[in-house]
Each structure stands twice: as C-alpha cells, then as structure tokens.
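Pasting model-v2.txt here (compact mmCIF, C-alpha atoms):
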```txt
# COMPACT_ATOMS: atom_id res chain seq x y z
CA LEU A 239 -2.43 53.33 -4.54
CA PRO A 240 -0.78 56.75 -4.44
CA SER A 241 -0.56 58.28 -1.01
CA ILE A 242 -3.86 59.70 0.11
CA LYS A 243 -1.96 61.77 2.69
CA ALA A 244 -0.14 63.64 -0.09
CA THR A 245 -3.38 64.18 -1.96
CA LEU A 246 -5.05 65.60 1.15
CA ALA A 247 -2.05 67.80 1.90
CA ALA A 248 -2.22 69.21 -1.64
CA THR A 249 -5.80 70.36 -0.92
CA GLY A 250 -4.69 72.14 2.25
CA ILE A 251 -5.97 69.53 4.72
CA ARG A 252 -3.62 69.58 7.71
CA PRO A 253 -2.06 66.38 9.12
CA ALA A 254 -4.29 64.80 11.77
CA GLN A 255 -7.17 67.16 10.90
CA PRO A 256 -10.48 65.42 11.66
CA LEU A 257 -12.54 64.52 8.59
CA TYR A 258 -16.14 63.62 8.02
CA VAL A 259 -16.34 60.79 5.48
CA SER A 260 -19.48 60.38 3.39
CA VAL A 261 -20.02 56.61 3.10
CA SER A 262 -22.80 55.07 1.02
CA GLY A 263 -21.52 51.51 1.35
CA GLY A 264 -20.43 51.32 -2.30
CA ALA A 265 -16.89 50.49 -3.42
CA ASP A 266 -15.79 54.12 -3.87
CA SER A 267 -16.76 55.32 -0.41
CA ILE A 268 -15.63 52.12 1.30
CA ALA A 269 -12.18 52.45 -0.31
CA LEU A 270 -12.08 56.11 0.73
CA LEU A 271 -12.98 55.28 4.32
CA HIS A 272 -10.39 52.51 4.65
CA LEU A 273 -7.67 54.63 3.02
CA LEU A 274 -8.44 57.55 5.34
CA HIS A 275 -8.65 55.26 8.36
CA GLN A 276 -5.04 54.24 7.68
CA THR A 277 -3.92 57.86 8.02
CA ASP A 278 -3.64 60.00 11.14
CA HIS A 279 -6.91 61.77 10.30
CA PRO A 280 -9.67 60.99 12.83
CA CYS A 281 -12.71 59.99 10.79
CA HIS A 282 -16.42 60.46 11.47
CA ILE A 283 -18.66 58.50 9.11
CA LEU A 284 -21.74 60.11 7.53
CA HIS A 285 -24.43 57.97 5.91
CA LEU A 286 -27.63 59.14 4.24
CA ASN A 287 -30.29 56.50 3.65
CA HIS A 288 -32.05 57.88 0.55
CA GLN A 289 -34.94 55.40 1.02
CA LEU A 290 -35.03 54.81 -2.74
CA ARG A 291 -34.45 51.04 -2.84
CA GLY A 292 -36.58 49.68 0.01
CA THR A 293 -34.85 47.02 2.07
CA ASP A 294 -31.64 47.41 0.01
CA SER A 295 -31.32 51.00 1.29
CA ASP A 296 -31.86 49.79 4.87
CA GLN A 297 -29.27 47.04 4.38
CA ASP A 298 -26.78 49.62 3.07
CA GLN A 299 -27.32 51.64 6.25
CA GLN A 300 -26.89 48.54 8.44
CA PHE A 301 -23.70 47.62 6.55
CA VAL A 302 -22.21 51.09 7.13
CA GLU A 303 -23.28 51.12 10.80
CA THR A 304 -21.66 47.71 11.33
CA LEU A 305 -18.48 48.92 9.62
CA ALA A 306 -18.38 52.01 11.86
CA HIS A 307 -18.71 49.77 14.91
CA THR A 308 -15.99 47.41 13.64
CA LEU A 309 -13.59 50.30 12.96
CA GLN A 310 -14.63 51.99 16.22
CA LEU A 311 -15.52 55.21 14.39
CA PRO A 312 -18.33 57.63 15.21
CA ILE A 313 -21.20 57.68 12.74
CA THR A 314 -24.06 60.01 11.94
CA THR A 315 -26.91 58.59 9.88
CA GLN A 316 -30.03 60.17 8.49
CA GLN A 317 -32.99 58.81 6.58
CA THR A 318 -34.62 61.02 3.95
CA ASP A 319 -37.39 60.14 1.52
CA VAL A 320 -35.52 61.53 -1.48
CA SER A 321 -38.33 60.64 -3.89
CA ALA A 322 -40.82 62.72 -1.87
CA LEU A 323 -38.26 65.52 -1.62
CA ALA A 324 -37.85 65.51 -5.40
CA SER A 325 -41.61 65.66 -5.92
CA SER A 326 -42.19 68.43 -3.39
CA HIS A 327 -39.44 70.62 -4.91
CA SER A 328 -40.07 69.62 -8.57
CA ILE A 329 -36.45 68.52 -9.01
CA SER A 330 -34.77 65.34 -10.22
CA ILE A 331 -34.00 62.45 -7.88
CA GLU A 332 -30.28 63.22 -8.31
CA MET A 333 -30.74 66.86 -7.29
CA ALA A 334 -32.96 65.85 -4.37
CA GLY A 335 -30.28 63.39 -3.21
CA ARG A 336 -27.65 66.12 -3.40
CA LYS A 337 -29.95 68.50 -1.48
CA ALA A 338 -30.54 65.88 1.23
CA ARG A 339 -26.81 65.13 1.55
CA HIS A 340 -25.96 68.82 1.83
CA GLU A 341 -28.65 69.26 4.51
CA LEU A 342 -27.04 66.41 6.46
CA PHE A 343 -23.61 68.01 6.01
CA ARG A 344 -24.91 71.41 7.20
CA SER A 345 -26.33 69.83 10.37
CA LEU A 346 -22.79 69.01 11.56
CA PRO A 347 -20.16 71.10 13.27
CA THR A 348 -17.88 72.69 10.68
CA GLY A 349 -15.24 70.44 9.17
CA PRO A 350 -14.05 69.06 5.84
CA ILE A 351 -16.20 66.33 4.31
CA ALA A 352 -14.40 63.69 2.23
CA LEU A 353 -16.29 62.34 -0.78
CA GLY A 354 -15.50 59.22 -2.80
CA HIS A 355 -15.65 60.79 -6.27
CA HIS A 356 -13.01 59.31 -8.58
CA ALA A 357 -11.63 59.84 -12.09
CA ASP A 358 -14.52 58.01 -13.77
CA ASP A 359 -17.01 60.31 -12.01
CA GLN A 360 -14.98 63.24 -13.31
CA VAL A 361 -15.41 62.06 -16.91
CA GLU A 362 -19.14 61.48 -16.36
CA THR A 363 -19.57 64.98 -14.90
CA PHE A 364 -17.73 66.55 -17.83
CA LEU A 365 -19.84 64.67 -20.39
CA LEU A 366 -23.11 65.55 -18.64
CA ARG A 367 -22.16 69.22 -18.57
CA LEU A 368 -21.10 69.08 -22.22
CA MET A 369 -24.43 67.53 -23.23
CA ARG A 370 -26.29 70.24 -21.29
CA GLY A 371 -24.45 72.90 -23.28
CA ALA A 372 -22.24 74.29 -20.54
CA GLY A 373 -19.74 76.96 -21.52
CA ARG A 374 -16.00 76.75 -21.02
CA SER A 375 -16.14 77.58 -17.30
CA GLY A 376 -19.03 75.13 -16.78
CA LEU A 377 -17.03 72.34 -18.38
CA SER A 378 -14.41 72.30 -15.67
CA GLY A 379 -14.59 69.10 -13.67
CA MET A 380 -14.97 68.54 -9.97
CA GLN A 381 -12.22 70.08 -7.90
CA PRO A 382 -10.23 68.19 -5.23
CA LEU A 383 -11.22 70.92 -2.76
CA GLN A 384 -14.46 72.82 -3.18
CA ILE A 385 -16.34 75.15 -0.87
CA ILE A 386 -20.08 75.22 -1.55
CA ASN A 387 -22.27 77.44 0.63
CA GLY A 388 -19.87 77.11 3.54
CA LEU A 389 -19.34 73.35 3.15
CA THR A 390 -15.75 72.22 2.60
CA LEU A 391 -15.81 69.20 0.29
CA VAL A 392 -12.65 67.18 -0.34
CA ARG A 393 -12.29 64.63 -3.13
CA PRO A 394 -8.99 62.80 -2.54
CA LEU A 395 -9.71 60.00 -5.07
CA LEU A 396 -10.09 62.09 -8.25
CA HIS A 397 -6.75 60.81 -9.57
CA LEU A 398 -7.86 57.17 -9.28
CA HIS A 399 -10.20 55.08 -11.44
CA LYS A 400 -13.00 52.93 -10.05
CA GLU A 401 -11.24 49.80 -11.29
CA GLN A 402 -8.14 50.71 -9.23
CA LEU A 403 -10.30 51.20 -6.14
CA THR A 404 -12.17 47.90 -6.50
CA GLU A 405 -8.91 46.07 -7.18
CA TRP A 406 -7.42 47.59 -4.01
CA LEU A 407 -10.50 46.51 -2.01
CA LYS A 408 -10.22 42.96 -3.37
CA GLN A 409 -6.49 42.79 -2.58
CA HIS A 410 -7.25 43.79 1.01
CA GLU A 411 -10.29 41.47 1.20
CA LEU A 412 -12.64 44.35 2.00
CA THR A 413 -16.33 44.14 1.17
CA TRP A 414 -18.77 46.69 -0.12
CA ARG A 415 -22.39 46.92 -1.25
CA GLU A 416 -23.50 47.04 -4.87
CA ASP A 417 -26.25 49.48 -5.84
CA ALA A 418 -28.10 47.99 -8.82
CA SER A 419 -29.73 51.36 -9.51
CA ASN A 420 -26.42 53.22 -9.78
```

Will you turn the file into structure tokens for me?
Amino acid sequence: LPSIKATLAATGIRPAQPLYVSVSGGADSIALLHLLHQTDHPCHILHLNHQLRGTDSDQDQQFVETLAHTLQLPITTQQTDVSALASSHSISIEMAGRKARHELFRSLPTGPIALGHHADDQVETFLLRLMRGAGRSGLSGMQPLQIINGLTLVRPLLHLHKEQLTEWLKQHELTWREDASN
C-alpha cells in the first residue's frame, strides 16, 4: 500500500504527532489502525458502541479492546443508544451515529482524529449527495483533512479501495469484524 506517512504529511500532520484513531472493528478501521501503528505516530484508539446490534455490538467493542491491549495502545470507549438518540432528535440512525461519534470526539483533549474512510466511501458519498440534489459545491467528496466544529478529522485512506485494504489485512493475517448491517 502507498505510504500512509506521505499521505498524512500531505494533510499537514507532523511526523510523530499523536493521533486518535476511530476503530469500529471493521476491515477499514482495522487496516487504518495497523498502518498507523507501523508509523512513528502514537495512537490512541476510540471506539463507540452504537448498541444497534445487541451482542454483536458488544463483541465488536470487546474485539477492539482486546486489540488495544495486544498492541499496548490506550483506548477510550463509549456506549450510546444510537436508536434512542435518533428517536429523541427525530433524525436518521446514520445522523444519530455521527452525532454520537462527534460527541465522543469532543470529549477528548484536542488532537487529530484518523478515520477509515476509503475511495469506495467517497463514491458512495458523492452518489448520495447527487441523489439528494446537492449543488456543485455540495457534490465535492470527503476531504483528506477536514475541520468540523473544531474537530480535526483526517482520512488517510481515501486513495485506497476497500478491496485493497482487505487484501492487505489478509496478506498480514490480521482479523477484523464483519457488520452484517453495514
């Protein structure tokens, strides 16, 4: 895979700058975590248990906690009933999940948060915005570096496809969790 260090440097992330890494347990975030862990960037894992899939959600959290212990990385976890949050705010499950993640991110000391979005997510985002009738500016995709309400979000995998990430994980005999609802 292309150098994640170069990708981070292109977004203005300094060498050895500590990063929070949002890890769901899925292939994308697991690949991101392992790639970042191979760099000189100290990593702090973030995991939000959305409580949407019962014991599967709890098993995802346990998987990520075990991985943090194995890699000897600090971890911050939070459990949020995203379905109840969606109902109470009259928003979609997806928007409630985003709201919950951003609340977790805001609870932390300031620092860049690495997200596992990849090229396939970029296409999906573009198509969703197109279907919703977004104008030219609204059709731009996710940016590698984005500041939203004071949160610095970094997406160092946007140049890679999901298939490349899963192939890399298989080559390195790394495991991940599958989310049947995703």

Using only C-alpha atoms, the best pick from A:Leu290, A:Leu407, A:Leu257, A:Ile386 as closest to Asp278 in chain A would be A:Leu257

Surrounding residues of Lys400 in chain A excluding itself and chain neighbours under 6 positions, 9 Å, only C-alpha atoms, as JSON, numbers by chain = {"A": [265, 266, 356, 357, 358, 359]}

* **Computed interatomic separation between CA of Thr390 in chain A and CA of Ser295 in chain A (Å)** =>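 If I compute the distance from CA of Thr390 in chain A to CA of Ser295 in chain A, I get 26.4 Å.
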
Exercise: Pro312 in chain A partners within 9 Å, only C-alpha atoms, chain neighbours under 4 positions left out, as a PyMOL selection string: chain A and resi 281-284+306-307

### Query
Within 12 Å of Gly250 in chain A, counting all atoms listed in the file, which residues qualify if same-chain residues fewer than 2 places away don't, as a PyMOL selection string?
chain A and resi 243-248+252-253+255+350+382-384+390-394

Return range 299-310 of chain A, completed with all heavy atoms, as a PDB file, keeping the file's coordinate frame.
```pdb
ATOM      1  N   GLN A 299     -27.509  50.911   4.992  1.00  0.00           N
ATOM      2  CA  GLN A 299     -27.320  51.640   6.250  1.00  0.00           C
ATOM      3  C   GLN A 299     -26.782  50.704   7.329  1.00  0.00           C
ATOM      4  O   GLN A 299     -25.833  51.055   8.033  1.00  0.00           O
ATOM      5  CB  GLN A 299     -28.632  52.279   6.709  1.00  0.00           C
ATOM      6  CG  GLN A 299     -28.478  53.051   8.002  1.00  0.00           C
ATOM      7  CD  GLN A 299     -29.748  53.779   8.421  1.00  0.00           C
ATOM      8  OE1 GLN A 299     -30.618  54.071   7.615  1.00  0.00           O
ATOM      9  NE2 GLN A 299     -29.828  54.082   9.705  1.00  0.00           N
ATOM     10  N   GLN A 300     -27.355  49.512   7.433  1.00  0.00           N
ATOM     11  CA  GLN A 300     -26.890  48.540   8.440  1.00  0.00           C
ATOM     12  C   GLN A 300     -25.437  48.154   8.183  1.00  0.00           C
ATOM     13  O   GLN A 300     -24.638  48.038   9.123  1.00  0.00           O
ATOM     14  CB  GLN A 300     -27.782  47.296   8.432  1.00  0.00           C
ATOM     15  CG  GLN A 300     -27.393  46.260   9.473  1.00  0.00           C
ATOM     16  CD  GLN A 300     -27.462  46.804  10.899  1.00  0.00           C
ATOM     17  OE1 GLN A 300     -28.459  47.385  11.289  1.00  0.00           O
ATOM     18  NE2 GLN A 300     -26.389  46.633  11.653  1.00  0.00           N
ATOM     19  N   PHE A 301     -25.075  47.964   6.927  1.00  0.00           N
ATOM     20  CA  PHE A 301     -23.700  47.620   6.550  1.00  0.00           C
ATOM     21  C   PHE A 301     -22.731  48.714   7.018  1.00  0.00           C
ATOM     22  O   PHE A 301     -21.689  48.423   7.621  1.00  0.00           O
ATOM     23  CB  PHE A 301     -23.609  47.430   5.030  1.00  0.00           C
ATOM     24  CG  PHE A 301     -22.220  47.179   4.513  1.00  0.00           C
ATOM     25  CD1 PHE A 301     -21.649  45.926   4.595  1.00  0.00           C
ATOM     26  CD2 PHE A 301     -21.487  48.211   3.940  1.00  0.00           C
ATOM     27  CE1 PHE A 301     -20.361  45.691   4.119  1.00  0.00           C
ATOM     28  CE2 PHE A 301     -20.200  47.993   3.464  1.00  0.00           C
ATOM     29  CZ  PHE A 301     -19.636  46.729   3.553  1.00  0.00           C
ATOM     30  N   VAL A 302     -23.082  49.972   6.754  1.00  0.00           N
ATOM     31  CA  VAL A 302     -22.210  51.090   7.130  1.00  0.00           C
ATOM     32  C   VAL A 302     -22.156  51.237   8.648  1.00  0.00           C
ATOM     33  O   VAL A 302     -21.083  51.488   9.214  1.00  0.00           O
ATOM     34  CB  VAL A 302     -22.659  52.397   6.443  1.00  0.00           C
ATOM     35  CG1 VAL A 302     -21.829  53.588   6.917  1.00  0.00           C
ATOM     36  CG2 VAL A 302     -22.548  52.262   4.920  1.00  0.00           C
ATOM     37  N   GLU A 303     -23.283  51.051   9.342  1.00  0.00           N
ATOM     38  CA  GLU A 303     -23.280  51.120  10.800  1.00  0.00           C
ATOM     39  C   GLU A 303     -22.414  50.023  11.407  1.00  0.00           C
ATOM     40  O   GLU A 303     -21.652  50.274  12.358  1.00  0.00           O
ATOM     41  CB  GLU A 303     -24.720  51.017  11.334  1.00  0.00           C
ATOM     42  CG  GLU A 303     -25.546  52.255  11.064  1.00  0.00           C
ATOM     43  CD  GLU A 303     -27.019  52.097  11.406  1.00  0.00           C
ATOM     44  OE1 GLU A 303     -27.504  50.946  11.548  1.00  0.00           O
ATOM     45  OE2 GLU A 303     -27.698  53.127  11.517  1.00  0.00           O
ATOM     46  N   THR A 304     -22.487  48.823  10.851  1.00  0.00           N
ATOM     47  CA  THR A 304     -21.660  47.710  11.330  1.00  0.00           C
ATOM     48  C   THR A 304     -20.180  48.008  11.096  1.00  0.00           C
ATOM     49  O   THR A 304     -19.339  47.761  11.962  1.00  0.00           O
ATOM     50  CB  THR A 304     -22.073  46.395  10.636  1.00  0.00           C
ATOM     51  OG1 THR A 304     -23.445  46.130  10.935  1.00  0.00           O
ATOM     52  CG2 THR A 304     -21.209  45.223  11.071  1.00  0.00           C
ATOM     53  N   LEU A 305     -19.868  48.560   9.932  1.00  0.00           N
ATOM     54  CA  LEU A 305     -18.480  48.920   9.620  1.00  0.00           C
ATOM     55  C   LEU A 305     -17.966  49.976  10.601  1.00  0.00           C
ATOM     56  O   LEU A 305     -16.836  49.870  11.097  1.00  0.00           O
ATOM     57  CB  LEU A 305     -18.370  49.415   8.179  1.00  0.00           C
ATOM     58  CG  LEU A 305     -16.984  49.812   7.699  1.00  0.00           C
ATOM     59  CD1 LEU A 305     -15.990  48.666   7.826  1.00  0.00           C
ATOM     60  CD2 LEU A 305     -17.052  50.304   6.259  1.00  0.00           C
ATOM     61  N   ALA A 306     -18.784  50.971  10.894  1.00  0.00           N
ATOM     62  CA  ALA A 306     -18.380  52.010  11.860  1.00  0.00           C
ATOM     63  C   ALA A 306     -18.078  51.385  13.211  1.00  0.00           C
ATOM     64  O   ALA A 306     -17.073  51.730  13.851  1.00  0.00           O
ATOM     65  CB  ALA A 306     -19.489  53.058  11.987  1.00  0.00           C
ATOM     66  N   HIS A 307     -18.925  50.456  13.632  1.00  0.00           N
ATOM     67  CA  HIS A 307     -18.710  49.770  14.910  1.00  0.00           C
ATOM     68  C   HIS A 307     -17.414  48.963  14.877  1.00  0.00           C
ATOM     69  O   HIS A 307     -16.607  49.016  15.812  1.00  0.00           O
ATOM     70  CB  HIS A 307     -19.911  48.874  15.227  1.00  0.00           C
ATOM     71  CG  HIS A 307     -19.761  48.096  16.488  1.00  0.00           C
ATOM     72  ND1 HIS A 307     -19.881  48.680  17.744  1.00  0.00           N
ATOM     73  CD2 HIS A 307     -19.452  46.795  16.707  1.00  0.00           C
ATOM     74  CE1 HIS A 307     -19.667  47.764  18.663  1.00  0.00           C
ATOM     75  NE2 HIS A 307     -19.409  46.611  18.068  1.00  0.00           N
ATOM     76  N   THR A 308     -17.197  48.235  13.784  1.00  0.00           N
ATOM     77  CA  THR A 308     -15.990  47.410  13.640  1.00  0.00           C
ATOM     78  C   THR A 308     -14.725  48.261  13.684  1.00  0.00           C
ATOM     79  O   THR A 308     -13.742  47.891  14.324  1.00  0.00           O
ATOM     80  CB  THR A 308     -16.039  46.623  12.302  1.00  0.00           C
ATOM     81  OG1 THR A 308     -17.207  45.799  12.300  1.00  0.00           O
ATOM     82  CG2 THR A 308     -14.799  45.768  12.104  1.00  0.00           C
ATOM     83  N   LEU A 309     -14.760  49.411  13.002  1.00  0.00           N
ATOM     84  CA  LEU A 309     -13.590  50.300  12.960  1.00  0.00           C
ATOM     85  C   LEU A 309     -13.519  51.229  14.173  1.00  0.00           C
ATOM     86  O   LEU A 309     -12.575  52.009  14.293  1.00  0.00           O
ATOM     87  CB  LEU A 309     -13.606  51.128  11.665  1.00  0.00           C
ATOM     88  CG  LEU A 309     -13.482  50.346  10.357  1.00  0.00           C
ATOM     89  CD1 LEU A 309     -13.636  51.282   9.163  1.00  0.00           C
ATOM     90  CD2 LEU A 309     -12.174  49.588  10.288  1.00  0.00           C
ATOM     91  N   GLN A 310     -14.532  51.144  15.016  1.00  0.00           N
ATOM     92  CA  GLN A 310     -14.630  51.990  16.220  1.00  0.00           C
ATOM     93  C   GLN A 310     -14.595  53.473  15.853  1.00  0.00           C
ATOM     94  O   GLN A 310     -13.869  54.277  16.441  1.00  0.00           O
ATOM     95  CB  GLN A 310     -13.536  51.635  17.218  1.00  0.00           C
ATOM     96  CG  GLN A 310     -13.636  50.211  17.704  1.00  0.00           C
ATOM     97  CD  GLN A 310     -12.571  49.835  18.715  1.00  0.00           C
ATOM     98  OE1 GLN A 310     -11.701  50.620  19.061  1.00  0.00           O
ATOM     99  NE2 GLN A 310     -12.637  48.609  19.184  1.00  0.00           N
TER     100      GLN A 310
END
```
